[in-house]
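Since the structure comes first, as C-alpha cells, the remarks are kept for the end.
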Amino acid sequence: MERKPHTKRLILNPALEAGGDYPLLQLDERRRELERRGVELFDFGTGDPREPTDERIRQALTNAVPEVSRYPTVSGSRELREAFCGWMRRRHGVTLDPETEVIPANGSKEAIFHLPFAFLHHSHARKGVAYGTPGYPVYERGTAYAGGEPLPVHLRREDGFLLPLEEVDPERARMLWINYPHNPTGSSAPRTYLEEVAAFCREHDILLLSDECYSEIYSGEPPPSILEVSRERTLAVCSLSKRSGMTGYRTAMIAGDAEMISALKRMRPSVGVATPSFVQAAATAAWSDDAHVERRRRIFGEKRALFTEFFERTGIPYLPTEASFYLWVAAPDGDDEAYALRLLEEGIIVAPGRSFGPGGEGYVRVALVPSIEECRRAIGRWERLC
C-alpha cells in the first residue's frame with residue numbers, strides 16, 4: 001500500500017529553527033572549488049592544532065582499551081580527578097576536593113552547551129545567560145536550547161575585550177560566562193578583573209562560569225583561573241584539547257562549587273555524556289604531565305612571533321597578545337568577509353569576525369594551527385596583498 005507523504009510541517013525546537021544554516025556559504029563554496037583544483041591551502045580558520053599528541057598520552061589510551069567494554073560513570077575515575085586536582089594545585093595554587101568539586105566532561109563544548117540545562121529554571125524570573133560578543137557561539141546556543149534568554153554583551157577593543165559588567169542586567173541574568181584568554185581575540189584578563197567579576201556575581205546572586213580552554217597557551221605571564229579568586233557559585237571549564245593536543249579525544253573537566261558539581265552529577269547520567277574509560281586514562285596521563293605542554297607552548301610562541309613580525313613590518317593592524325593561539329586582525333577596508341575571500345584566493349583560510357557574533361565585523365581570526373614552515377609560506381602569500 002502506497003503511503004501518502006506528510007503534508008504538515010515538521011515542528012522543531014525553536015532554537016534549532018532560529019539557528020539557521022552556515023552563514024558564509026560563498027567562502028565555503030570557494031574553498032571547495034580551490035580544493036578540487038588542487039590549490040595548496042593554509043587553514044588558519046579552525047582552531048584544531050596539527051602538532052602530534054604526546055606519545056605517552058596515546059600509549060595510555062591504547063593500553064586502557066578493555067577486552068570487555070563497560071559503561072563508564074559520569075563522575076569519572078578517582079585517578080583522573082586526582083590528576084586534574086594535582087594540575088590545578090601546581091598551575092594555579094588551588095586545592096580542590098576530587099570527590100566533591102570536580103567532574104569530567106566530553107570536551108569543553110559539551111560542558112558549555114549542557115550547563116544551562118542544569119541551572120536555568122523555566123518558571124524563574126531570571127532565565128538570562130550573559131556572555132561576550134564576539135565570542136564562542138555555544139554560549140548562546142546552549143542557552144537557547146535550554147529555554148533560557150541569551151544576553152549578549154558587546155566587547156570593545158578600547159576595553160581590552162573585557163566584558164563590561166555595567167552592561168549585565170542583574171534583573172535578567174542568572175548566569176554569566178567569561179572566557180579568558182579569549183576566543184576569538186586572544187585577549188587576557190588580569191586577576192584584578194576576575195576579582196571584580198566574582199564580586200559582581202556574588203552581589204547579584206549570578207552563577208559565574210569561566211571557559212578556560214586556552215589558559216595553557218601563552219608566551220608571557222600565565223593567565224589566572226577564576227578558581228584562584230572564588231569557588232562560591234562558580235565553575236571553571238578546563239580542557240585538554242589545546243593544552244595537550246587532544247581535540248579528537250573530547251575530554252575536559254568542570255571544577256568549582258561543590259553544590260553545583262553535585263547538581264551536575266544528578267543531571268549528566270540522563271544526557272549520556274560519561275567519558276569512556278580509555279579516554280579517561282589518556283586524560284589522566286595528560287593532566288599528570290607538564291613537560292609536553294611546555295613544548296607545545298614554545299611552538300605556538302614561534303608561530304605567533306612570525307605573524308606579529310609580519311604584521312608589524314607591513315603595518316597590518318592586529319591585536320597584540322601573548323595568550324591563546326589566535327590573532328585578531330583588522331580587515332583593511334572593514335569588510336571581514338570580503339577580506340577573507342581575498343586571502344582565500346592566495347590559499348589562506350581565515351575566519352571572518354562576523355561568524356563570532358556582533359562586534360566581530362571588520363576583523364578576521366587567524367588560528368595558528370598550521371606548522372611553522374606552513375606559516376612561513378602562508379606569510380609569503382599574504383604579503384602579496386600588502
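Labeling convention for the C-alpha cells: chains A, B, ... as they appear, residues from 1 per chain, ligands from 1 in order of appearance.
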Return as a VMD selection string the full set of residues in range 208-308 of chain A whose backbone-based DSSP assignment is strand (DSSP E or B).
chain A and resid 208 to 211 218 234 to 239 252 to 256
Please save all heavy atoms of the selected residues as a short mmCIF file (atom, residue, chain, number, x, y, z; two decimals), in the first residue's frame.
```
data_model
loop_
_atom_site.label_atom_id
_atom_site.label_comp_id
_atom_site.auth_asym_id
_atom_site.auth_seq_id
_atom_site.Cartn_x
_atom_site.Cartn_y
_atom_site.Cartn_z
N LEU A 208 28.57 32.17 38.15
CA LEU A 208 29.71 32.58 37.35
C LEU A 208 30.37 31.35 36.71
O LEU A 208 30.76 30.42 37.41
CB LEU A 208 30.72 33.32 38.23
CG LEU A 208 32.05 33.75 37.59
CD1 LEU A 208 31.83 34.55 36.31
CD2 LEU A 208 32.88 34.54 38.59
N LEU A 209 30.48 31.38 35.39
CA LEU A 209 31.04 30.27 34.63
C LEU A 209 32.22 30.79 33.82
O LEU A 209 32.09 31.78 33.09
CB LEU A 209 29.98 29.67 33.70
CG LEU A 209 28.67 29.27 34.39
CD1 LEU A 209 27.62 28.90 33.37
CD2 LEU A 209 28.91 28.13 35.36
N SER A 210 33.36 30.13 33.93
CA SER A 210 34.58 30.58 33.27
C SER A 210 35.08 29.51 32.31
O SER A 210 35.43 28.40 32.72
CB SER A 210 35.65 30.90 34.32
OG SER A 210 36.84 31.35 33.72
N ASP A 211 35.12 29.85 31.03
CA ASP A 211 35.65 28.97 29.99
C ASP A 211 37.15 29.23 29.88
O ASP A 211 37.58 30.26 29.38
CB ASP A 211 34.94 29.28 28.66
CG ASP A 211 35.52 28.53 27.48
OD1 ASP A 211 36.40 27.68 27.68
OD2 ASP A 211 35.09 28.80 26.34
N TYR A 218 50.30 30.29 26.18
CA TYR A 218 50.73 31.66 26.45
C TYR A 218 52.24 31.75 26.30
O TYR A 218 52.96 30.74 26.36
CB TYR A 218 50.31 32.09 27.86
CG TYR A 218 50.86 31.23 28.97
CD1 TYR A 218 52.12 31.49 29.54
CD2 TYR A 218 50.15 30.13 29.44
CE1 TYR A 218 52.63 30.68 30.54
CE2 TYR A 218 50.67 29.32 30.45
CZ TYR A 218 51.90 29.60 30.98
OH TYR A 218 52.42 28.79 31.97
N THR A 234 30.53 29.22 41.51
CA THR A 234 31.46 29.45 40.40
C THR A 234 31.96 28.12 39.87
O THR A 234 32.28 27.21 40.64
CB THR A 234 32.66 30.30 40.86
OG1 THR A 234 32.20 31.56 41.33
CG2 THR A 234 33.66 30.52 39.73
N LEU A 235 32.04 28.01 38.54
CA LEU A 235 32.62 26.83 37.90
C LEU A 235 33.62 27.26 36.84
O LEU A 235 33.40 28.26 36.13
CB LEU A 235 31.53 25.97 37.24
CG LEU A 235 30.52 25.27 38.15
CD1 LEU A 235 29.48 24.55 37.32
CD2 LEU A 235 31.21 24.30 39.11
N ALA A 236 34.70 26.51 36.71
CA ALA A 236 35.66 26.68 35.62
C ALA A 236 35.61 25.45 34.73
O ALA A 236 35.49 24.32 35.22
CB ALA A 236 37.07 26.88 36.17
N VAL A 237 35.69 25.66 33.42
CA VAL A 237 35.76 24.56 32.46
C VAL A 237 37.17 24.56 31.89
O VAL A 237 37.60 25.54 31.27
CB VAL A 237 34.72 24.73 31.34
CG1 VAL A 237 34.84 23.59 30.33
CG2 VAL A 237 33.31 24.78 31.92
N CYS A 238 37.90 23.46 32.11
CA CYS A 238 39.30 23.35 31.70
C CYS A 238 39.43 22.19 30.72
O CYS A 238 38.95 21.09 30.99
CB CYS A 238 40.19 23.10 32.92
SG CYS A 238 40.04 24.35 34.22
N SER A 239 40.10 22.43 29.60
CA SER A 239 40.12 21.46 28.51
C SER A 239 41.52 20.96 28.22
O SER A 239 42.51 21.68 28.42
CB SER A 239 39.52 22.11 27.26
OG SER A 239 39.69 21.27 26.13
N ALA A 252 37.49 17.08 28.96
CA ALA A 252 37.66 18.32 29.72
C ALA A 252 37.26 18.05 31.15
O ALA A 252 36.81 16.95 31.49
CB ALA A 252 36.82 19.45 29.11
N MET A 253 37.39 19.07 32.00
CA MET A 253 36.98 18.96 33.40
C MET A 253 36.19 20.19 33.80
O MET A 253 36.50 21.31 33.36
CB MET A 253 38.20 18.81 34.33
CG MET A 253 39.08 17.60 34.04
SD MET A 253 38.26 16.01 34.28
CE MET A 253 38.30 15.87 36.07
N ILE A 254 35.18 19.98 34.64
CA ILE A 254 34.41 21.08 35.24
C ILE A 254 34.75 21.07 36.73
O ILE A 254 34.69 20.02 37.38
CB ILE A 254 32.90 20.87 35.04
CG1 ILE A 254 32.57 20.57 33.58
CG2 ILE A 254 32.12 22.09 35.52
CD1 ILE A 254 31.13 20.11 33.35
N ALA A 255 35.09 22.23 37.26
CA ALA A 255 35.53 22.28 38.67
C ALA A 255 35.01 23.53 39.35
O ALA A 255 34.83 24.57 38.71
CB ALA A 255 37.06 22.24 38.73
N GLY A 256 34.79 23.41 40.68
CA GLY A 256 34.39 24.57 41.46
C GLY A 256 33.39 24.23 42.54
O GLY A 256 33.56 23.25 43.27
#
```
Spatial neighbours of range 135-143 of chain A, 8 Å, only C-alpha atoms, chain gap at least 5 places, as an mmCIF file with N, CA and C atoms, in the first residue's frame:
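Produced file result-v5.cif, reproduced below:
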```cif
data_model
loop_
_atom_site.group_PDB
_atom_site.id
_atom_site.type_symbol
_atom_site.label_atom_id
_atom_site.label_comp_id
_atom_site.auth_asym_id
_atom_site.auth_seq_id
_atom_site.Cartn_x
_atom_site.Cartn_y
_atom_site.Cartn_z
ATOM 1 N N ALA A 15 14.932 26.807 18.993
ATOM 2 C CA ALA A 15 16.352 27.156 18.933
ATOM 3 C C ALA A 15 17.004 26.594 17.675
ATOM 4 N N LYS A 109 33.161 22.088 24.773
ATOM 5 C CA LYS A 109 31.930 22.437 24.052
ATOM 6 C C LYS A 109 30.730 21.720 24.660
ATOM 7 N N ILE A 112 29.921 23.336 28.059
ATOM 8 C CA ILE A 112 29.334 24.673 27.906
ATOM 9 C C ILE A 112 27.889 24.576 27.420
ATOM 10 N N PHE A 113 27.636 23.697 26.481
ATOM 11 C CA PHE A 113 26.280 23.564 25.942
ATOM 12 C C PHE A 113 25.303 23.083 27.009
ATOM 13 N N HIS A 114 25.713 22.129 27.842
ATOM 14 C CA HIS A 114 24.773 21.495 28.770
ATOM 15 C C HIS A 114 24.617 22.210 30.107
ATOM 16 N N LEU A 115 25.545 23.059 30.499
ATOM 17 C CA LEU A 115 25.454 23.682 31.818
ATOM 18 C C LEU A 115 24.155 24.463 32.038
ATOM 19 N N PRO A 116 23.637 25.210 31.058
ATOM 20 C CA PRO A 116 22.365 25.908 31.306
ATOM 21 C C PRO A 116 21.199 24.968 31.599
ATOM 22 N N PHE A 117 21.245 23.736 31.110
ATOM 23 C CA PHE A 117 20.165 22.791 31.360
ATOM 24 C C PHE A 117 20.053 22.466 32.853
ATOM 25 N N VAL A 129 21.253 34.368 30.339
ATOM 26 C CA VAL A 129 22.668 33.987 30.391
ATOM 27 C C VAL A 129 23.446 35.054 29.634
ATOM 28 N N GLY A 148 16.553 29.270 27.867
ATOM 29 C CA GLY A 148 16.961 30.488 28.543
ATOM 30 C C GLY A 148 16.927 31.700 27.619
ATOM 31 N N GLU A 149 17.311 32.827 28.170
ATOM 32 C CA GLU A 149 17.328 34.085 27.419
ATOM 33 C C GLU A 149 18.779 34.494 27.166
ATOM 34 N N PRO A 150 19.239 34.438 25.915
ATOM 35 C CA PRO A 150 20.603 34.880 25.620
ATOM 36 C C PRO A 150 20.740 36.388 25.847
ATOM 37 N N PRO A 152 23.637 38.769 25.089
ATOM 38 C CA PRO A 152 24.970 39.100 24.594
ATOM 39 C C PRO A 152 25.406 40.486 25.052
ATOM 40 N N TRP A 177 28.882 34.039 31.596
ATOM 41 C CA TRP A 177 30.058 33.376 31.042
ATOM 42 C C TRP A 177 31.171 34.391 30.821
ATOM 43 N N HIS A 182 40.807 34.866 25.504
ATOM 44 C CA HIS A 182 39.543 34.992 24.804
ATOM 45 C C HIS A 182 39.594 34.429 23.379
ATOM 46 N N ASN A 183 38.563 33.711 23.036
ATOM 47 C CA ASN A 183 38.295 33.303 21.666
ATOM 48 C C ASN A 183 37.153 34.186 21.146
ATOM 49 N N PRO A 184 37.359 35.001 20.112
ATOM 50 C CA PRO A 184 38.392 34.872 19.083
ATOM 51 C C PRO A 184 39.560 35.850 19.170
ATOM 52 N N PHE A 356 31.612 35.152 14.670
ATOM 53 C CA PHE A 356 31.655 35.055 16.131
ATOM 54 C C PHE A 356 30.657 36.005 16.788
ATOM 55 N N GLY A 357 29.718 36.518 15.997
ATOM 56 C CA GLY A 357 28.652 37.331 16.552
ATOM 57 C C GLY A 357 28.884 38.816 16.379
#
```
Applying 9 Å and only C-alpha atoms, which residues near Arg365 in chain A remain after dropping the ones on its own chain fewer than 2 positions away? List them as a PDB file with N, CA and C atoms, in the first residue's frame.
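Below is the file part16.pdb, written as the result:
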```pdb
ATOM      1  N   PHE A  44      43.987  28.475   8.528  1.00  0.00           N
ATOM      2  CA  PHE A  44      44.038  29.190   9.795  1.00  0.00           C
ATOM      3  C   PHE A  44      42.626  29.487  10.310  1.00  0.00           C
ATOM      4  N   GLY A  45      41.641  28.773   9.762  1.00  0.00           N
ATOM      5  CA  GLY A  45      40.252  29.073  10.092  1.00  0.00           C
ATOM      6  C   GLY A  45      39.724  28.337  11.300  1.00  0.00           C
ATOM      7  N   PRO A 184      37.359  35.001  20.112  1.00  0.00           N
ATOM      8  CA  PRO A 184      38.392  34.872  19.083  1.00  0.00           C
ATOM      9  C   PRO A 184      39.560  35.850  19.170  1.00  0.00           C
ATOM     10  N   THR A 185      39.596  36.790  20.102  1.00  0.00           N
ATOM     11  CA  THR A 185      40.557  37.886  20.011  1.00  0.00           C
ATOM     12  C   THR A 185      41.918  37.574  20.614  1.00  0.00           C
ATOM     13  N   TYR A 326      45.288  32.474  18.870  1.00  0.00           N
ATOM     14  CA  TYR A 326      44.529  33.269  17.912  1.00  0.00           C
ATOM     15  C   TYR A 326      45.130  34.657  17.773  1.00  0.00           C
ATOM     16  N   LEU A 327      45.038  35.189  16.562  1.00  0.00           N
ATOM     17  CA  LEU A 327      45.385  36.582  16.309  1.00  0.00           C
ATOM     18  C   LEU A 327      44.173  37.251  15.670  1.00  0.00           C
ATOM     19  N   TRP A 328      43.843  38.422  16.165  1.00  0.00           N
ATOM     20  CA  TRP A 328      42.646  39.167  15.761  1.00  0.00           C
ATOM     21  C   TRP A 328      43.119  40.314  14.870  1.00  0.00           C
ATOM     22  N   VAL A 329      42.824  40.227  13.587  1.00  0.00           N
ATOM     23  CA  VAL A 329      43.425  41.099  12.575  1.00  0.00           C
ATOM     24  C   VAL A 329      42.338  41.943  11.920  1.00  0.00           C
ATOM     25  N   ALA A 330      42.578  43.246  11.808  1.00  0.00           N
ATOM     26  CA  ALA A 330      41.612  44.164  11.208  1.00  0.00           C
ATOM     27  C   ALA A 330      41.642  44.044   9.692  1.00  0.00           C
ATOM     28  N   VAL A 350      41.040  32.009   6.680  1.00  0.00           N
ATOM     29  CA  VAL A 350      40.859  32.640   7.989  1.00  0.00           C
ATOM     30  C   VAL A 350      39.364  32.686   8.282  1.00  0.00           C
ATOM     31  N   ALA A 351      39.020  32.958   9.525  1.00  0.00           N
ATOM     32  CA  ALA A 351      37.607  33.021   9.925  1.00  0.00           C
ATOM     33  C   ALA A 351      37.164  34.480   9.983  1.00  0.00           C
ATOM     34  N   PRO A 352      36.138  34.860   9.212  1.00  0.00           N
ATOM     35  CA  PRO A 352      35.618  36.234   9.312  1.00  0.00           C
ATOM     36  C   PRO A 352      35.087  36.510  10.709  1.00  0.00           C
ATOM     37  N   GLY A 353      35.341  37.687  11.222  1.00  0.00           N
ATOM     38  CA  GLY A 353      34.949  38.024  12.580  1.00  0.00           C
ATOM     39  C   GLY A 353      33.456  37.950  12.817  1.00  0.00           C
ATOM     40  N   TYR A 363      36.956  42.310  11.370  1.00  0.00           N
ATOM     41  CA  TYR A 363      38.166  41.580  11.773  1.00  0.00           C
ATOM     42  C   TYR A 363      38.141  40.177  11.178  1.00  0.00           C
ATOM     43  N   ALA A 367      43.916  31.429  13.311  1.00  0.00           N
ATOM     44  CA  ALA A 367      44.222  30.362  14.266  1.00  0.00           C
ATOM     45  C   ALA A 367      45.556  29.738  13.878  1.00  0.00           C
TER      46      ALA A 367
END
```
Excluding Phe325 in chain A and residues on its chain fewer than 5 positions from it, collect all residues at most 10 Å away from it, counting only C-alpha atoms, and give them as number ranges by chain.
A: 47, 49, 181-186, 214, 217-218, 242, 297, 300-301, 303-304, 366-369
Residue nearest Pro66 in chain A - candidates A:Gly147, A:Pro358, A:Pro276, A:Pro170, atoms counted: only C-alpha atoms
A:Pro276
Using only C-alpha atoms, which residue out of A:Pro223, A:Pro332, A:Gly347, A:Pro98 lies closest to Gly380 in chain A?
A:Gly347
With DSSP run on the backbone, what are the helix (DSSP H, G or I) residues within range 66-100 of chain A? I'd like them as a PyMOL selection string.
chain A and resi 78-92
Can you spit out the residues from that selection as a PDB file, in the first residue's frame, using C-alpha atoms?
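That gives us out.pdb:
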```
ATOM      1  CA  ARG A  78      39.394   8.662  41.046  1.00  0.00           C
ATOM      2  CA  GLU A  79      42.754   8.668  39.205  1.00  0.00           C
ATOM      3  CA  LEU A  80      41.502  11.199  36.648  1.00  0.00           C
ATOM      4  CA  ARG A  81      40.018  13.520  39.249  1.00  0.00           C
ATOM      5  CA  GLU A  82      43.169  13.377  41.370  1.00  0.00           C
ATOM      6  CA  ALA A  83      45.388  14.042  38.329  1.00  0.00           C
ATOM      7  CA  PHE A  84      43.350  17.121  37.444  1.00  0.00           C
ATOM      8  CA  CYS A  85      43.412  18.368  41.034  1.00  0.00           C
ATOM      9  CA  GLY A  86      47.180  17.897  41.031  1.00  0.00           C
ATOM     10  CA  TRP A  87      47.472  20.069  37.920  1.00  0.00           C
ATOM     11  CA  MET A  88      45.186  22.730  39.400  1.00  0.00           C
ATOM     12  CA  ARG A  89      47.375  22.810  42.515  1.00  0.00           C
ATOM     13  CA  ARG A  90      50.640  23.036  40.518  1.00  0.00           C
ATOM     14  CA  ARG A  91      49.393  25.520  37.957  1.00  0.00           C
ATOM     15  CA  HIS A  92      47.040  27.764  39.932  1.00  0.00           C
TER      16      HIS A  92
END
```
One residue among A:Lys8, A:His122, A:Arg243, A:Arg172 is nearest to Asp54 in chain A when using only C-alpha atoms, and that residue is A:Arg243
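Counting only C-alpha atoms, the residue from A:Ala274, A:Leu176, A:Leu264, A:Leu162 that sits nearest to Arg70 in chain A is A:Ala274.
With only C-alpha atoms as the atoms that count, the residue of A:Glu99, A:Arg56, A:Ala173, A:Ala378 with the shortest distance to Ala291 in chain A is A:Arg56.
Put simply, CA of Ser277 in chain A is 15.8 Å away from CA of Leu240 in chain A.
The smallest atom-to-atom distance between Asn106 in chain A and any of A:Cys386, A:Ala283, A:Val293, A:Ile299, using only C-alpha atoms, is found for A:Ala283.
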Find the residues near Ile349 in chain A: any atom within 8 Å, counting only C-alpha atoms, skip ones fewer than 5 places away on the same chain, and give them as a ChimeraX atom specification.
/A:41-45,340,343-344
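Note that CA of Ala331 in chain A and CA of Val39 in chain A are 23.6 Å apart.
From CA of Ala118 in chain A back to CA of Ala263 in chain A, the distance works out to 7.0 Å.
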